Structures are given as structure tokens and as C-alpha cells.
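Data from target.tsv: TSV, C-alpha atoms and all ligand atoms
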chain	number	residue	atom	x	y	z
A	807	MET	CA	23.63	-58.99	-45.64
A	808	LYS	CA	25.45	-60.60	-42.78
A	809	LEU	CA	23.91	-63.50	-40.87
A	810	TRP	CA	23.97	-61.34	-37.74
A	811	ASP	CA	21.76	-58.76	-39.44
A	812	LEU	CA	19.28	-61.44	-40.49
A	813	LEU	CA	19.05	-62.73	-36.96
A	814	PHE	CA	19.09	-59.32	-35.31
A	815	PRO	CA	18.00	-56.79	-37.91
A	816	PRO	CA	19.18	-53.31	-36.96
A	817	ARG	CA	16.54	-51.28	-35.19
A	818	CYS	CA	16.27	-47.64	-34.31
A	819	LEU	CA	17.87	-47.09	-30.92
A	820	LEU	CA	14.98	-44.97	-29.72
A	821	CYS	CA	11.72	-46.21	-31.29
A	822	GLY	CA	12.71	-49.75	-32.27
A	823	LYS	CA	11.60	-49.44	-35.88
A	824	LEU	CA	13.49	-51.65	-38.33
A	825	LEU	CA	16.14	-49.66	-40.11
A	826	GLY	CA	16.85	-49.72	-43.83
A	827	ARG	CA	20.01	-47.97	-44.83
A	828	GLU	CA	20.07	-45.74	-41.78
A	829	THR	CA	22.38	-46.52	-38.91
A	830	GLU	CA	21.44	-46.24	-35.27
A	831	TYR	CA	18.35	-44.06	-35.65
A	832	CYS	CA	15.37	-43.74	-37.96
A	833	PRO	CA	15.17	-40.22	-39.47
A	834	SER	CA	12.69	-38.81	-36.96
A	835	CYS	CA	14.54	-40.20	-33.94
A	836	ARG	CA	17.83	-38.93	-35.33
A	837	LYS	CA	16.29	-35.48	-35.39
A	838	MET	CA	14.99	-35.95	-31.83
A	839	ALA	CA	18.45	-37.09	-30.67
A	840	GLN	CA	20.24	-34.24	-32.38
A	841	GLU	CA	17.87	-31.64	-31.01
A	842	ALA	CA	17.55	-33.03	-27.47
A	843	THR	CA	18.46	-30.41	-24.90
A	844	GLY	CA	17.71	-32.51	-21.84
A	845	VAL	CA	15.31	-32.33	-18.92
A	846	VAL	CA	16.15	-30.42	-15.76
A	847	ILE	CA	14.85	-32.23	-12.68
A	848	LYS	CA	16.82	-30.34	-10.04
A	849	ARG	CA	19.18	-27.47	-10.70
A	850	PHE	CA	22.53	-27.35	-8.97
A	851	GLY	CA	21.92	-25.93	-5.53
A	852	ASP	CA	18.14	-25.81	-5.77
A	853	GLU	CA	16.72	-26.80	-2.39
A	854	SER	CA	13.03	-27.10	-3.05
A	855	VAL	CA	12.69	-30.36	-4.94
A	856	ALA	CA	10.81	-33.24	-3.31
A	857	ASN	CA	12.71	-36.45	-2.57
A	858	ALA	CA	16.01	-34.91	-3.57
A	859	SER	CA	17.43	-33.47	-0.35
A	860	TYR	CA	20.72	-35.37	-0.70
A	861	ILE	CA	20.99	-34.73	-4.44
A	862	ASP	CA	22.90	-31.65	-5.60
A	863	SER	CA	21.51	-31.72	-9.12
A	864	ALA	CA	19.53	-34.10	-11.32
A	865	MET	CA	19.26	-34.07	-15.11
A	866	ALA	CA	17.85	-36.41	-17.74
A	867	VAL	CA	18.03	-36.68	-21.52
A	868	PHE	CA	14.37	-37.29	-22.43
A	869	ASP	CA	10.89	-37.40	-21.02
A	870	TYR	CA	10.14	-41.04	-20.29
A	871	GLU	CA	7.09	-41.01	-22.57
A	872	ASP	CA	9.34	-40.26	-25.56
A	873	VAL	CA	11.65	-43.22	-25.01
A	874	LYS	CA	9.68	-45.79	-23.07
A	875	GLU	CA	9.78	-48.34	-25.89
A	876	SER	CA	13.54	-47.99	-26.05
A	877	ILE	CA	14.01	-48.37	-22.30
A	878	HIS	CA	11.74	-51.39	-22.24
A	879	ARG	CA	13.80	-53.15	-24.90
A	880	PHE	CA	17.04	-52.16	-23.23
A	881	LYS	CA	15.98	-53.32	-19.81
A	882	PHE	CA	13.56	-56.19	-20.19
A	883	ARG	CA	14.20	-57.74	-23.57
A	884	GLY	CA	17.89	-58.46	-23.30
A	885	SER	CA	19.03	-55.70	-25.65
A	886	TYR	CA	22.10	-54.90	-23.61
A	887	GLY	CA	23.95	-53.82	-26.77
A	888	MET	CA	21.86	-50.65	-26.73
A	889	GLY	CA	23.75	-49.42	-23.66
A	890	GLN	CA	26.65	-48.10	-25.66
A	891	GLY	CA	24.52	-46.01	-28.04
A	892	LEU	CA	22.22	-44.74	-25.31
A	893	GLY	CA	25.18	-43.88	-23.09
A	894	ASN	CA	26.83	-42.05	-25.98
A	895	LEU	CA	23.64	-40.09	-26.40
A	896	MET	CA	23.71	-39.18	-22.69
A	897	ALA	CA	27.24	-37.88	-23.19
A	898	GLU	CA	26.24	-35.85	-26.25
A	899	VAL	CA	23.31	-34.21	-24.51
A	900	ALA	CA	25.41	-33.52	-21.42
A	901	ALA	CA	28.00	-31.80	-23.61
A	902	ARG	CA	25.23	-29.71	-25.17
A	903	SER	CA	23.25	-28.78	-22.07
A	904	PHE	CA	24.88	-29.98	-18.83
A	905	ALA	CA	28.59	-29.63	-19.48
A	906	TYR	CA	29.39	-29.51	-15.77
A	907	LEU	CA	28.31	-33.16	-15.51
A	908	LEU	CA	31.21	-34.07	-17.77
A	909	HIS	CA	33.80	-32.01	-15.90
A	910	ARG	CA	32.84	-31.67	-12.27
A	911	PRO	CA	32.31	-35.26	-11.02
A	912	THR	CA	35.29	-37.33	-9.89
A	913	LEU	CA	33.53	-40.68	-9.78
A	914	LEU	CA	30.78	-42.43	-11.78
A	915	LEU	CA	28.51	-44.75	-9.84
A	916	PRO	CA	25.70	-46.67	-11.55
A	917	VAL	CA	22.57	-47.24	-9.47
A	918	PRO	CA	22.94	-50.94	-8.66
A	919	ILE	CA	20.43	-53.72	-9.16
A	920	HIS	CA	20.04	-56.51	-6.61
A	921	LYS	CA	22.16	-59.61	-7.18
A	922	SER	CA	19.09	-61.77	-7.74
A	923	ARG	CA	17.96	-59.45	-10.53
A	924	MET	CA	21.49	-59.46	-11.91
A	925	ARG	CA	21.35	-63.27	-12.12
A	926	GLN	CA	18.02	-63.08	-13.89
A	927	ARG	CA	18.79	-60.22	-16.31
A	928	GLY	CA	22.50	-60.76	-16.74
A	929	TYR	CA	23.38	-57.08	-16.78
A	930	ASN	CA	22.77	-53.82	-14.97
A	931	GLN	CA	21.45	-51.35	-17.52
A	932	ALA	CA	22.70	-48.40	-15.45
A	933	ALA	CA	26.24	-49.81	-15.47
A	934	LEU	CA	26.16	-50.13	-19.27
A	935	LEU	CA	25.18	-46.46	-19.59
A	936	ALA	CA	27.90	-45.51	-17.12
A	937	ARG	CA	30.53	-47.43	-19.11
A	938	ALA	CA	29.71	-45.42	-22.21
A	939	LEU	CA	29.91	-42.21	-20.17
A	940	ARG	CA	33.29	-43.23	-18.79
A	941	GLN	CA	34.65	-43.59	-22.33
A	942	THR	CA	33.65	-40.04	-23.16
A	943	THR	CA	34.44	-38.34	-19.90
A	944	GLN	CA	37.39	-40.40	-18.61
A	945	ILE	CA	35.82	-40.11	-15.15
A	946	PRO	CA	36.66	-43.26	-13.15
A	947	LEU	CA	33.79	-45.73	-12.88
A	948	GLU	CA	33.20	-47.99	-9.89
A	949	GLU	CA	30.55	-50.60	-10.50
A	950	ASP	CA	30.78	-52.44	-7.18
A	951	LEU	CA	31.03	-49.72	-4.53
A	952	LEU	CA	27.35	-48.92	-4.33
A	953	VAL	CA	25.33	-52.04	-3.51
A	954	ARG	CA	21.61	-52.76	-3.49
A	955	LEU	CA	20.81	-54.76	-0.37
A	956	LYS	CA	17.12	-55.35	-0.97
A	957	GLN	CA	15.30	-56.54	-4.02
A	958	THR	CA	12.90	-53.65	-4.50
A	959	ARG	CA	9.88	-53.40	-6.73
A	960	ALA	CA	9.96	-51.10	-9.75
A	961	GLN	CA	9.24	-47.60	-8.46
A	962	MET	CA	6.93	-46.91	-11.40
A	963	GLU	CA	4.54	-49.66	-10.30
A	964	LEU	CA	4.04	-48.17	-6.87
A	965	GLU	CA	1.86	-45.54	-5.31
A	966	LYS	CA	3.51	-42.47	-3.87
A	967	GLU	CA	3.33	-43.66	-0.24
A	968	GLU	CA	4.93	-46.98	-1.08
A	969	ARG	CA	7.86	-45.56	-2.99
A	970	LEU	CA	9.83	-44.27	-0.04
A	971	SER	CA	9.44	-47.40	2.06
A	972	ASN	CA	10.30	-49.52	-0.97
A	973	VAL	CA	13.80	-48.09	-1.25
A	974	LYS	CA	14.47	-47.15	2.39
A	975	ASP	CA	17.68	-48.82	3.60
A	976	ALA	CA	17.93	-50.56	0.23
A	977	PHE	CA	21.47	-49.35	-0.50
A	978	THR	CA	24.89	-49.26	1.05
A	979	VAL	CA	28.22	-47.97	-0.18
A	980	LYS	CA	31.46	-49.76	0.62
A	981	GLU	CA	33.76	-46.74	0.72
A	982	LEU	CA	34.35	-43.59	-1.24
A	983	PRO	CA	37.41	-41.42	-1.83
A	984	PRO	CA	37.05	-38.53	0.66
A	985	GLY	CA	35.34	-35.52	-0.89
A	986	ALA	CA	34.26	-37.45	-3.98
A	987	ILE	CA	31.96	-35.66	-6.39
A	988	VAL	CA	29.71	-38.47	-7.51
A	989	LEU	CA	27.78	-38.74	-10.74
A	990	LEU	CA	25.06	-41.28	-10.14
A	991	VAL	CA	23.87	-42.86	-13.39
A	992	ASP	CA	20.56	-44.61	-13.98
A	993	ASP	CA	18.07	-45.29	-16.76
A	994	ILE	CA	14.98	-43.63	-15.26
A	995	TYR	CA	14.34	-40.98	-12.64
A	996	THR	CA	10.82	-41.51	-11.31
A	997	THR	CA	10.14	-39.79	-7.99
A	998	GLY	CA	13.75	-39.40	-6.98
A	999	ALA	CA	13.33	-41.73	-4.00
A	1000	THR	CA	15.85	-44.27	-5.34
A	1001	ALA	CA	18.48	-41.73	-6.36
A	1002	ASN	CA	18.03	-39.84	-3.10
A	1003	GLN	CA	18.63	-42.98	-1.03
A	1004	CYS	CA	21.79	-43.66	-3.05
A	1005	ALA	CA	22.88	-40.05	-2.59
A	1006	LYS	CA	22.24	-40.29	1.14
A	1007	VAL	CA	24.56	-43.28	1.65
A	1008	CYS	CA	27.19	-41.61	-0.56
A	1009	LYS	CA	27.05	-38.40	1.49
A	1010	ARG	CA	27.32	-40.37	4.72
A	1011	ALA	CA	30.36	-42.13	3.29
A	1012	GLY	CA	32.04	-38.79	2.65
A	1013	ALA	CA	30.91	-37.66	-0.81
A	1014	ALA	CA	31.03	-33.88	-1.15
A	1015	GLU	CA	28.40	-33.73	-3.90
A	1016	VAL	CA	26.08	-36.15	-5.64
A	1017	HIS	CA	24.71	-35.36	-9.08
A	1018	VAL	CA	22.27	-37.59	-10.91
A	1019	TYR	CA	22.04	-38.18	-14.63
A	1020	THR	CA	19.48	-40.48	-16.23
A	1021	LEU	CA	18.34	-41.34	-19.71
A	1022	ALA	CA	14.72	-40.53	-18.92
A	1023	ALA	CA	12.68	-38.57	-16.43
A	1024	ALA	CA	9.18	-39.82	-15.69
A	1025	LYS	CA	6.56	-37.20	-14.99
A	1026	ARG	CA	5.57	-37.21	-11.36
A	1027	LYS	CA	2.09	-38.52	-10.72
A	1028	ASP	CA	1.98	-36.95	-7.25
B	1101	ZN	ZN	13.19	-44.21	-34.40

For the structure just supplied, provide its representation as C-alpha cells.
Amino acid sequence: MKLWDLLFPPRCLLCGKLLGRETEYCPSCRKMAQEATGVVIKRFGDESVANASYIDSAMAVFDYEDVKESIHRFKFRGSYGMGQGLGNLMAEVAARSFAYLLHRPTLLLPVPIHKSRMRQRGYNQAALLARALRQTTQIPLEEDLLVRLKQTRAQMELEKEERLSNVKDAFTVKELPPGAIVLLVDDIYTTGATANQCAKVCKRAGAAEVHVYTLAAAKRKD
């Protein structure tokens, strides 16, 4: 066994269980990953989805409840190395269920974190997922065009009324190629308020379409 493995024993990408001879996933999570068909939040062209008026479509890989342990480790416990595997999984599920997400967009934009959070965490989890997607799709990735101006609180901690004001005017986009078809990448889709604000600034900057793809979709409490 290598020293690295003693210090950081390999864990299942999705449930965090220590792995024996398996790689990447424990047997039950491997099955879950192989069978995942994704979660539809908003179909392409569907108008009647709350908090998604600027979003053309929104898809996720899993229900948040199924992967919350994984997302917590990825985001809050410094396990940035998980980004590659989780991003690869996003690409696999897109190929299986949402192939248009791999072919239609012309630009990948990760939902940004505020610079103070970047200093504290050291990485933007959404950007790590987007990098893995870029490798598979060859779609150009721009990590610095979309900027978070305000340090916002985690949407999941907030009540419905607070969520819109929390992210209002929180984002700006420097510039976009005219007519860009954006694929916005994030770890969690909660109410859509964050993604919709990002989509709004992208549309105002000339994007033709904004699609959203996240690792997890949280069930709406409202
Ligand atoms: Zn597992």
C-alpha cells in the first residue's frame, strides 16, 4: 500500500465508505451511478417552472438526498479531488439522458463563488465539475467571466422569501460571445434562484440560451 493510501484511504465517491479492492465506488453506489438517468428540473422550452424564467432548461444527475454526504465532503471538507470523478459522472449521465447538453452549448460557465469564500475554501466546486465536463465535451470553459459580487448565504439555509433577495444583484458577467449558448454548471440546484440570476445576467449580456446542469437537485420545500 502506498503512503498516500494510508493517509487518504480511497473512499466511495458517492457515499464515502472506505473502499477495499473497488475503485471509485462501492458496489451499491456503482450500481446507482450506472443506472442514474438524471433528474429533469425544467424541460427545454417549458415556461411554467418557478424561478427559472431566464433558464431554457435545467437538469441534474441525482436527488440531493441520495448524494448529500458526497457533496458535503466535496464542498466543505476539502475533497477537491472528487471534482474530476463527479464531473465525469455528470458527463456520463448527460450522454445517457441529456445528450443535447453535450452538443448544443457553446460555452461552459461555472456558477462562481465570492472571492472571500474562494480564499477560505481554496477552490470553486462548480469550476472543478465544469473542468471535467470540458474534457469530455470539448466545450470551451470560462471560469472568470461570470462573477459573484456579493457573499451570499447558502440557499438551502434560507426560507423561501429570503432566497430571492439573497441572490438578487449578486452576479455580473464581464462579456459573452454574441449568441452564446451557455451551459451553467453547479453542484446543487435548490430553488433555482441562484441559477436564474446567473442566467439573467448572461441573457442581458447577449446569451441566446442558458441551460443549467447540476450534480444534485434538492426537493423544493415551497
Ligand atoms: Zn458508496

Legend entry - Nearest candidate to Ser834 in chain A (options A:Cys818, A:Ala1001, A:Val855, A:Leu813; using only C-alpha atoms):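 Of all the options, A:Cys818 lies closest to Ser834 in chain A.
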
Inset, instruction - Please indicate the distance in Å from CA of Ala933 in chain A to CA of Arg849 in chain A, rounded to one decimal place. - result: 23.9 Å

Legend entry - Non-local contacts of Thr1020 in chain A (8 Å; all atoms listed in the file; under 2 positions in same chain excluded) as a ChimeraX atom specification: /A:865-867,896,991-995,1018,1022-1023

Inset, instruction - Counting only C-alpha atoms and all ligand atoms, name the residues that have an atom within 12 Å of an atom of ligand ZN 1101 (chain B); the answer should be given as a PyMOL selection string. - result: chain A and resi 816-826+828-839+872-876

Inset, instruction - Give me, please, the distance in Å between CA of Gly985 in chain A and CA of Gln1003 in chain A, quoted to one decimal. - result: 18.3 Å

Inset, instruction - Would you please work out which residue, of A:Phe880, A:Phe868, A:Phe814, A:Tyr860, is nearest to Ala900 in chain A when using only C-alpha atoms? - result: A:Phe868

Inset, instruction - Rank A:Leu989, A:Leu1021, A:Ala1013, A:Val1007 by their smallest atom-to-atom distance to Leu895 in chain A, using only C-alpha atoms, and report the top residue only. - result: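 Using only C-alpha atoms, Leu895 in chain A sits closest to A:Leu1021.
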
Legend entry - Spatial neighbours of Phe904 in chain A, 10 Å, only C-alpha atoms, chain gap at least 4 places, as a VMD selection string: chain A and resid 843 to 846 865 to 867 897 to 900 908 to 909 1019

Inset, instruction - For CA of Thr997 in chain A and CA of Gly851 in chain A, determine how far apart the two atoms are, in Å to one decimal place. - result: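 If I compute the distance from CA of Thr997 in chain A to CA of Gly851 in chain A, I get 18.4 Å.
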
Legend entry - Nearest-residue call for His1017 in chain A, choices A:Arg910, A:Lys974, A:Arg879, A:Arg937, using only C-alpha atoms: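 Smallest distance to His1017 in chain A is found for A:Arg910.
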
Kindly provide, as a PDB file with C-alpha atoms, in the coordinates of the input, the polymer residues lying within 10 Å of (28.0, -49.8, -4.7), counting all atoms listed in the file and using the coordinates exactly as they appear in the file.
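Output saved as selection_13.pdb:
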ATOM      1  CA  LEU A 915      28.510 -44.750  -9.840  1.00  0.00           C
ATOM      2  CA  PRO A 916      25.700 -46.670 -11.550  1.00  0.00           C
ATOM      3  CA  VAL A 917      22.570 -47.240  -9.470  1.00  0.00           C
ATOM      4  CA  PRO A 918      22.940 -50.940  -8.660  1.00  0.00           C
ATOM      5  CA  ILE A 919      20.430 -53.720  -9.160  1.00  0.00           C
ATOM      6  CA  GLU A 948      33.200 -47.990  -9.890  1.00  0.00           C
ATOM      7  CA  GLU A 949      30.550 -50.600 -10.500  1.00  0.00           C
ATOM      8  CA  ASP A 950      30.780 -52.440  -7.180  1.00  0.00           C
ATOM      9  CA  LEU A 951      31.030 -49.720  -4.530  1.00  0.00           C
ATOM     10  CA  LEU A 952      27.350 -48.920  -4.330  1.00  0.00           C
ATOM     11  CA  VAL A 953      25.330 -52.040  -3.510  1.00  0.00           C
ATOM     12  CA  ARG A 954      21.610 -52.760  -3.490  1.00  0.00           C
ATOM     13  CA  LEU A 955      20.810 -54.760  -0.370  1.00  0.00           C
ATOM     14  CA  PHE A 977      21.470 -49.350  -0.500  1.00  0.00           C
ATOM     15  CA  THR A 978      24.890 -49.260   1.050  1.00  0.00           C
ATOM     16  CA  VAL A 979      28.220 -47.970  -0.180  1.00  0.00           C
ATOM     17  CA  LYS A 980      31.460 -49.760   0.620  1.00  0.00           C
ATOM     18  CA  GLU A 981      33.760 -46.740   0.720  1.00  0.00           C
ATOM     19  CA  LEU A 982      34.350 -43.590  -1.240  1.00  0.00           C
ATOM     20  CA  CYS A1004      21.790 -43.660  -3.050  1.00  0.00           C
ATOM     21  CA  VAL A1007      24.560 -43.280   1.650  1.00  0.00           C
ATOM     22  CA  CYS A1008      27.190 -41.610  -0.560  1.00  0.00           C
TER      23      CYS A1008
END

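Closest approach to Asn894 in chain A from the set A:Arg940, A:Lys1009, A:Arg923, A:Lys881 is made by A:Arg940, with distances taken over only C-alpha atoms.
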
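Restricting the calculation to all atoms listed in the file, the smallest distance between Pro815 in chain A and any of A:Leu913, A:His920, A:Ala960, A:Arg827 is found for A:Arg827.
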
Inset, instruction - Would you mind listing what lies within 8 Å of Gly998 in chain A as a ChimeraX atom specification, with only C-alpha atoms counted and same-chain residues fewer than 2 positions away left out? - result: /A:856-858,995-996,1000-1002

Can you put N, CA and C atoms back into range 959-982 of chain A and show it as a compact mmCIF listing (two decimals), in the coordinates of the input?
# COMPACT_ATOMS: atom_id res chain seq x y z
N ARG A 959 10.79 -53.37 -5.58
CA ARG A 959 9.88 -53.40 -6.73
C ARG A 959 10.12 -52.16 -7.58
N ALA A 960 9.76 -52.24 -8.85
CA ALA A 960 9.96 -51.10 -9.75
C ALA A 960 9.19 -49.92 -9.21
N GLN A 961 9.87 -48.78 -9.05
CA GLN A 961 9.24 -47.60 -8.46
C GLN A 961 8.01 -47.16 -9.26
N MET A 962 8.04 -47.39 -10.56
CA MET A 962 6.93 -46.91 -11.40
C MET A 962 5.63 -47.65 -11.12
N GLU A 963 5.75 -48.87 -10.56
CA GLU A 963 4.54 -49.66 -10.30
C GLU A 963 3.85 -49.23 -9.01
N LEU A 964 4.53 -48.41 -8.22
CA LEU A 964 4.04 -48.17 -6.87
C LEU A 964 3.33 -46.83 -6.71
N GLU A 965 2.48 -46.80 -5.69
CA GLU A 965 1.86 -45.54 -5.31
C GLU A 965 2.88 -44.70 -4.56
N LYS A 966 2.59 -43.41 -4.49
CA LYS A 966 3.51 -42.47 -3.87
C LYS A 966 3.97 -42.91 -2.47
N GLU A 967 3.00 -43.33 -1.63
CA GLU A 967 3.33 -43.66 -0.24
C GLU A 967 4.27 -44.86 -0.17
N GLU A 968 4.13 -45.75 -1.14
CA GLU A 968 4.93 -46.98 -1.08
C GLU A 968 6.36 -46.77 -1.56
N ARG A 969 6.58 -45.70 -2.32
CA ARG A 969 7.86 -45.56 -2.99
C ARG A 969 9.02 -45.32 -2.04
N LEU A 970 8.75 -44.54 -0.98
CA LEU A 970 9.83 -44.27 -0.04
C LEU A 970 10.17 -45.50 0.77
N SER A 971 9.16 -46.22 1.26
CA SER A 971 9.44 -47.40 2.06
C SER A 971 10.07 -48.50 1.21
N ASN A 972 9.74 -48.51 -0.07
CA ASN A 972 10.30 -49.52 -0.97
C ASN A 972 11.83 -49.43 -1.06
N VAL A 973 12.35 -48.23 -1.06
CA VAL A 973 13.80 -48.09 -1.25
C VAL A 973 14.55 -47.71 0.03
N LYS A 974 13.81 -47.53 1.15
CA LYS A 974 14.47 -47.15 2.39
C LYS A 974 15.44 -48.26 2.84
N ASP A 975 16.64 -47.87 3.18
CA ASP A 975 17.68 -48.82 3.60
C ASP A 975 17.98 -49.88 2.54
N ALA A 976 17.71 -49.57 1.30
CA ALA A 976 17.93 -50.56 0.23
C ALA A 976 19.36 -50.53 -0.29
N PHE A 977 20.13 -49.49 0.08
CA PHE A 977 21.47 -49.35 -0.50
C PHE A 977 22.53 -49.19 0.57
N THR A 978 23.74 -49.58 0.21
CA THR A 978 24.89 -49.26 1.05
C THR A 978 26.06 -48.97 0.12
N VAL A 979 27.05 -48.24 0.64
CA VAL A 979 28.22 -47.97 -0.18
C VAL A 979 29.43 -48.45 0.60
N LYS A 980 30.32 -49.15 -0.07
CA LYS A 980 31.46 -49.76 0.62
C LYS A 980 32.40 -48.69 1.16
N GLU A 981 32.96 -47.90 0.29
CA GLU A 981 33.76 -46.74 0.72
C GLU A 981 33.91 -45.82 -0.48
N LEU A 982 34.18 -44.56 -0.17
CA LEU A 982 34.35 -43.59 -1.24
C LEU A 982 35.64 -42.81 -0.99
